[in-house]
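Quick look at model00.cif (mmCIF, C-alpha atoms):
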data_entry
#
loop_
_atom_site.label_atom_id
_atom_site.label_comp_id
_atom_site.auth_asym_id
_atom_site.auth_seq_id
_atom_site.Cartn_x
_atom_site.Cartn_y
_atom_site.Cartn_z
CA MET A 2 89.51 104.11 103.51
CA LEU A 3 93.05 103.34 104.64
CA ILE A 4 93.77 100.31 106.84
CA ILE A 5 97.05 100.77 108.72
CA GLY A 6 98.74 98.19 110.92
CA ILE A 7 101.17 99.44 113.55
CA ALA A 8 103.27 96.83 115.35
CA GLY A 9 106.37 96.85 117.54
CA GLY A 10 107.69 95.51 120.82
CA THR A 11 106.33 96.34 124.25
CA GLY A 12 107.62 99.78 125.23
CA SER A 13 108.67 100.68 121.67
CA GLY A 14 106.48 103.79 121.51
CA LYS A 15 103.56 102.48 119.42
CA THR A 16 100.97 104.25 121.54
CA THR A 17 102.79 107.57 121.19
CA VAL A 18 103.05 107.17 117.41
CA VAL A 19 99.34 106.38 117.14
CA ARG A 20 98.39 109.29 119.40
CA LYS A 21 100.46 111.77 117.37
CA ILE A 22 98.94 110.51 114.11
CA ILE A 23 95.40 110.83 115.46
CA GLU A 24 96.12 114.31 116.82
CA SER A 25 97.54 115.44 113.46
CA LEU A 26 94.43 114.45 111.49
CA PRO A 27 90.93 115.97 111.54
CA GLU A 28 88.85 114.88 114.51
CA GLY A 29 86.71 111.82 113.91
CA GLU A 30 88.71 110.68 110.89
CA VAL A 31 90.49 107.78 112.61
CA VAL A 32 89.24 104.56 114.17
CA LEU A 33 91.65 102.75 116.48
CA LEU A 34 91.41 98.98 116.95
CA PRO A 35 93.76 98.00 119.79
CA GLN A 36 94.88 94.42 119.34
CA ASP A 37 94.64 94.02 123.13
CA SER A 38 90.84 94.21 122.82
CA TYR A 39 90.92 90.97 120.85
CA TYR A 40 92.48 88.65 123.41
CA LYS A 41 90.69 85.31 123.55
CA ASP A 42 88.24 84.92 126.38
CA SER A 43 89.79 82.90 129.23
CA SER A 44 86.71 82.55 131.42
CA HIS A 45 86.82 78.77 130.89
CA VAL A 46 90.34 78.62 132.41
CA PRO A 47 90.49 78.14 136.21
CA VAL A 48 91.27 81.46 137.92
CA GLU A 49 94.49 80.17 139.48
CA GLU A 50 95.78 79.15 136.02
CA ARG A 51 95.03 82.42 134.21
CA GLN A 52 98.20 84.05 135.49
CA ASN A 53 100.15 81.51 133.42
CA ILE A 54 98.63 82.66 130.13
CA ASN A 55 101.26 84.04 127.75
CA PHE A 56 99.69 87.24 126.45
CA ASP A 57 102.66 87.92 124.17
CA HIS A 58 102.10 84.76 122.10
CA PRO A 59 100.05 84.85 118.87
CA ASP A 60 97.81 82.07 120.22
CA ALA A 61 96.45 84.50 122.84
CA PHE A 62 94.56 86.51 120.21
CA ASP A 63 91.26 86.00 118.42
CA TRP A 64 92.64 86.64 114.93
CA SER A 65 89.50 85.55 113.10
CA LEU A 66 87.31 88.08 114.92
CA LEU A 67 89.81 90.90 114.41
CA SER A 68 90.11 90.15 110.68
CA LEU A 69 86.33 89.91 110.39
CA HIS A 70 85.87 93.30 112.06
CA VAL A 71 88.48 94.97 109.83
CA ALA A 72 86.82 93.46 106.74
CA MET A 73 83.41 94.70 107.91
CA LEU A 74 84.71 98.24 108.42
CA LYS A 75 86.28 98.09 104.97
CA GLU A 76 82.85 97.18 103.58
CA GLY A 77 81.32 100.19 105.31
CA LYS A 78 79.68 98.21 108.11
CA SER A 79 79.78 99.08 111.81
CA ILE A 80 81.20 96.66 114.40
CA GLU A 81 80.93 95.93 118.10
CA GLN A 82 84.53 95.96 119.36
CA PRO A 83 85.06 93.61 122.33
CA THR A 84 86.45 94.79 125.64
CA TYR A 85 88.86 92.79 127.77
CA SER A 86 89.68 92.84 131.46
CA TYR A 87 93.31 92.32 132.45
CA LEU A 88 92.20 91.78 136.03
CA THR A 89 90.07 88.73 135.30
CA CYS A 90 91.60 87.75 131.92
CA THR A 91 88.11 87.58 130.46
CA ARG A 92 86.18 89.25 127.68
CA GLN A 93 83.59 91.62 129.09
CA PRO A 94 79.89 91.73 128.18
CA GLU A 95 80.24 95.40 127.19
CA THR A 96 81.27 96.25 123.63
CA ILE A 97 82.27 99.49 121.91
CA HIS A 98 80.25 100.53 118.87
CA ILE A 99 82.60 101.48 116.02
CA GLU A 100 81.51 103.17 112.80
CA PRO A 101 83.65 103.07 109.64
CA ARG A 102 86.01 106.04 109.22
CA ASP A 103 88.53 107.19 106.61
CA VAL A 104 91.44 105.70 108.55
CA VAL A 105 91.45 102.45 110.54
CA ILE A 106 94.54 101.79 112.68
CA ILE A 107 95.22 98.32 114.08
CA GLU A 108 97.77 98.71 116.88
CA GLY A 109 99.47 95.97 118.83
CA ILE A 110 102.70 94.08 119.43
CA LEU A 111 101.75 91.34 116.96
CA ALA A 112 99.68 93.36 114.50
CA LEU A 113 101.80 92.22 111.54
CA CYS A 114 102.03 88.55 112.49
CA ASP A 115 98.83 87.23 110.94
CA LYS A 116 98.83 86.86 107.15
CA LYS A 117 95.07 87.26 106.71
CA LEU A 118 95.10 90.46 108.74
CA ARG A 119 98.16 91.79 106.89
CA ASN A 120 96.39 91.25 103.56
CA LEU A 121 93.66 93.64 104.70
CA MET A 122 96.18 96.42 105.39
CA ASP A 123 97.07 99.21 102.98
CA LEU A 124 100.14 100.17 105.01
CA LYS A 125 102.18 98.17 107.50
CA VAL A 126 104.30 100.01 110.08
CA PHE A 127 106.80 98.68 112.60
CA VAL A 128 107.83 100.92 115.50
CA ASP A 129 111.38 100.01 116.46
CA ALA A 130 113.32 100.85 119.62
CA ASP A 131 116.47 99.66 121.34
CA SER A 132 115.83 96.78 123.75
CA ASP A 133 117.31 98.73 126.68
CA GLU A 134 114.98 101.65 126.02
CA ARG A 135 111.99 99.34 125.78
CA LEU A 136 112.90 97.66 129.08
CA ILE A 137 113.18 101.02 130.85
CA ARG A 138 109.76 102.06 129.56
CA VAL A 139 108.21 98.73 130.57
CA ILE A 140 109.63 99.06 134.10
CA GLN A 141 108.38 102.64 134.42
CA ARG A 142 104.92 101.76 133.10
CA ASP A 143 104.38 98.54 135.05
CA VAL A 144 105.66 99.90 138.35
CA VAL A 145 103.63 103.11 138.15
CA GLU A 146 100.47 101.98 136.32
CA ARG A 147 100.18 98.32 137.29
CA GLY A 148 101.69 98.28 140.77
CA ARG A 149 104.35 95.68 139.98
CA THR A 150 107.77 95.63 141.61
CA ALA A 151 110.82 96.30 139.45
CA GLU A 152 112.03 92.78 140.23
CA ALA A 153 108.75 91.26 139.01
CA VAL A 154 108.90 93.30 135.82
CA MET A 155 112.48 92.19 135.16
CA THR A 156 111.55 88.54 135.72
CA ARG A 157 108.62 88.82 133.31
CA TYR A 158 110.79 90.59 130.76
CA THR A 159 113.46 87.87 130.90
CA HIS A 160 111.11 84.89 130.81
CA VAL A 161 108.27 86.17 128.60
CA LEU A 162 108.69 89.52 126.88
CA LYS A 163 112.21 89.06 125.53
CA PRO A 164 111.81 85.52 124.12
CA MET A 165 108.41 86.35 122.59
CA HIS A 166 109.86 89.50 121.06
CA GLN A 167 112.71 87.55 119.49
CA GLN A 168 110.49 84.71 118.28
CA PHE A 169 107.45 86.56 116.95
CA ILE A 170 107.59 90.37 117.11
CA GLU A 171 111.04 91.13 115.71
CA PRO A 172 110.62 88.76 112.72
CA SER A 173 107.37 90.53 111.75
CA LYS A 174 109.45 93.63 110.98
CA ARG A 175 110.18 92.17 107.53
CA TYR A 176 106.54 92.68 106.55
CA ALA A 177 106.62 96.41 107.29
CA ASP A 178 106.41 99.03 104.56
CA LEU A 179 107.71 101.64 106.98
CA ILE A 180 109.98 101.17 110.00
CA ILE A 181 110.00 103.96 112.59
CA PRO A 182 113.15 103.89 114.73
CA GLN A 183 113.18 105.74 118.08
CA GLY A 184 109.43 105.28 118.42
CA GLY A 185 107.33 108.30 119.26
CA ASP A 186 110.40 110.56 119.34
CA ASN A 187 110.87 110.25 115.57
CA GLN A 188 108.82 113.22 114.46
CA ILE A 189 110.10 113.10 110.86
CA ALA A 190 108.86 109.53 110.37
CA ILE A 191 105.52 110.43 111.96
CA ASP A 192 105.21 113.43 109.61
CA ILE A 193 105.94 111.16 106.61
CA LEU A 194 103.23 108.79 107.79
CA ARG A 195 100.77 111.65 108.23
CA MET A 196 101.54 112.98 104.74
CA PHE A 197 101.03 109.51 103.26
CA ILE A 198 97.63 109.29 104.92
CA GLU A 199 96.56 112.78 103.80
CA LYS A 200 97.75 112.19 100.23
CA ASN A 201 95.89 108.91 99.89
CA LEU A 202 92.70 110.26 101.45
CA ASN A 203 92.77 113.21 99.06
CA LEU A 204 93.29 110.88 96.12
CA GLY A 205 90.41 108.74 97.32
CA ASN A 206 88.10 111.75 97.51
CA LYS A 207 88.70 112.88 93.93
#
Re-express the file's structure as structure tokens.
Amino acid sequence: MLIIGIAGGTGSGKTTVVRKIIESLPEGEVVLLPQDSYYKDSSHVPVEERQNINFDHPDAFDWSLLSLHVAMLKEGKSIEQPTYSYLTCTRQPETIHIEPRDVVIIEGILALCDKKLRNLMDLKVFVDADSDERLIRVIQRDVVERGRTAEAVMTRYTHVLKPMHQQFIEPSKRYADLIIPQGGDNQIAIDILRMFIEKNLNLGNK
């Protein structure tokens, strides 16, 4: 089994990189653990205060549960992955049953920030992109998919995304074994990553 962590700023192209990796490998070989599924439950926080939660800060995540689940998969045990609602900022009663697979990918903006989680990884990847490109992608995504105005997205970027990126996400780049510039457009880097996975899986099967 290979445990791979893929981090990078919002709008850097992490999702595209992960999708291309999964598509390039045999079906059913990869398990994806989105870090977003492991946000702490905020049901105890008054509804009117939940909008003030900083979801780009490491404190927003349940690191112990994520590390436990990765360790269990590594031991060959199945897990019940939590689900999270962005609308209510609460963990949902439904879970997703996950069986161990040859490749486990942990994907999220802060995937490389926690030492215990990093120590479980066989490969650490940071998807890099120019800040202007990331902002454009965030605007396009949030306006189209989340119904926000461009002005609201810009305000959030200035007050939350940018400072959190500079304080926590960008510094985690130093832990990466592989840095992928230009995000999902860097096909050569994605091919190198795919070859690394295939080589190690073949070695593990001998």
ask   = Using all atoms listed in the file, which residues sit within 7 Å of stretch 152-161 of chain A once same-chain residues fewer than 4 positions away are excluded, as JSON, numbers by chain?
value = {"A": [140, 143, 165]}
key: Counting only C-alpha atoms, the residue of A:Ser38, A:Gln141, A:Thr150, A:Thr84 that sits nearest A:Leu67   =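 Closest residue, counting only C-alpha atoms: A:Ser38.
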key: From A:Asn55, A:Thr96, A:Asn201, A:Ser132, residue lying nearest A:Ile4 [only C-alpha atoms]   =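 For A:Ile4, the nearest of the candidates is A:Asn201.
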key: Distance criterion (all atoms listed in the file): nearest to A:Leu118 out of A:Trp64, A:Phe197, A:Phe169, A:Phe56   =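 Checking each of A:Trp64, A:Phe197, A:Phe169, A:Phe56 against A:Leu118, counting all atoms listed in the file, the winner is A:Trp64.
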What box, with edges along x, y and z, holds each listed atom of stretch 185-199 of chain A when 4 Å is added on every side, and can you state its centre and edge lengths in Å to one decimal, as JSON?
{"center_x": 103.7, "center_y": 110.9, "center_z": 111.3, "size_x": 22.3, "size_y": 13.1, "size_z": 24.1}
key: Among listed residues A:Ile54, A:Leu26, A:Val18, A:Ala8, nearest A:Asp186 (using only C-alpha atoms)   =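 Closest residue, counting only C-alpha atoms: A:Val18.
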Exercise: A:Leu111 partners within 12 Å, all atoms listed in the file, chain neighbours under 2 positions left out, as a PyMOL selection string = chain A and resi 6-11+15+35-37+39-40+56-64+107-109+113-116+118-119+125-128+165-174+176-177
message = Which residues would end up in the selection if the PyMOL selection byres ((chain A and resi 44) around 9) were applied here, given that I need the answer as a list in words?
response = Asp42, Ser43, His45, Val46, Pro47, Val48, Arg51, Thr89, Cys90, Thr91 and Arg92 of chain A
key: Polymer residues at most 10 Å from stretch 191-194 of chain A, only C-alpha atoms, same-chain spacing of 3 or more positions, as a ChimeraX atom specification   = /A:18-19,21-22,25,124,126,179,181,184-188,197-200
key: Atomic distance atom CA of A:Gly14 - atom CA of A:Val71, expressed in Å with one decimal   =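 Computed distance, atom CA of A:Gly14 to atom CA of A:Val71, equals 23.2 Å.
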request  = Mind giving me the straight-line distance from atom CA of A:Glu95 to atom CA of A:Ala72 in Å, one decimal?
outcome  = 21.6 Å
ask   = Which is closer to A:Tyr85 than all the others in A:Val31, A:Met196, A:Ile106, A:Ile97, using only C-alpha atoms?
value =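 Closest candidate: A:Ile97.
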Hey, what's within 12 Å of A:Glu76 if we count all atoms listed in the file and toss same-chain stuff fewer than 2 positions away? As a PDB file with C-alpha atoms, in the frame of the given file, please?
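Contents of the output file part.pdb:
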ATOM      1  CA  MET A   2      89.510 104.110 103.510  1.00  0.00           C
ATOM      2  CA  LEU A   3      93.050 103.340 104.640  1.00  0.00           C
ATOM      3  CA  ILE A   4      93.770 100.310 106.840  1.00  0.00           C
ATOM      4  CA  LEU A  69      86.330  89.910 110.390  1.00  0.00           C
ATOM      5  CA  HIS A  70      85.870  93.300 112.060  1.00  0.00           C
ATOM      6  CA  VAL A  71      88.480  94.970 109.830  1.00  0.00           C
ATOM      7  CA  ALA A  72      86.820  93.460 106.740  1.00  0.00           C
ATOM      8  CA  MET A  73      83.410  94.700 107.910  1.00  0.00           C
ATOM      9  CA  LEU A  74      84.710  98.240 108.420  1.00  0.00           C
ATOM     10  CA  LYS A  78      79.680  98.210 108.110  1.00  0.00           C
ATOM     11  CA  SER A  79      79.780  99.080 111.810  1.00  0.00           C
ATOM     12  CA  ILE A  80      81.200  96.660 114.400  1.00  0.00           C
ATOM     13  CA  GLU A 100      81.510 103.170 112.800  1.00  0.00           C
ATOM     14  CA  PRO A 101      83.650 103.070 109.640  1.00  0.00           C
ATOM     15  CA  ARG A 102      86.010 106.040 109.220  1.00  0.00           C
ATOM     16  CA  ASP A 103      88.530 107.190 106.610  1.00  0.00           C
ATOM     17  CA  LEU A 121      93.660  93.640 104.700  1.00  0.00           C
TER      18      LEU A 121
END
request  = Would you work out the distance separating atom CA of A:Arg175 from atom CA of A:Lys75, expressed in Å to one decimal?
outcome  = 24.8 Å
For A:Gly29, the nearest of the candidates A:Thr17, A:Ser65, A:Gln52, A:Val104, counting all atoms listed in the file = A:Val104
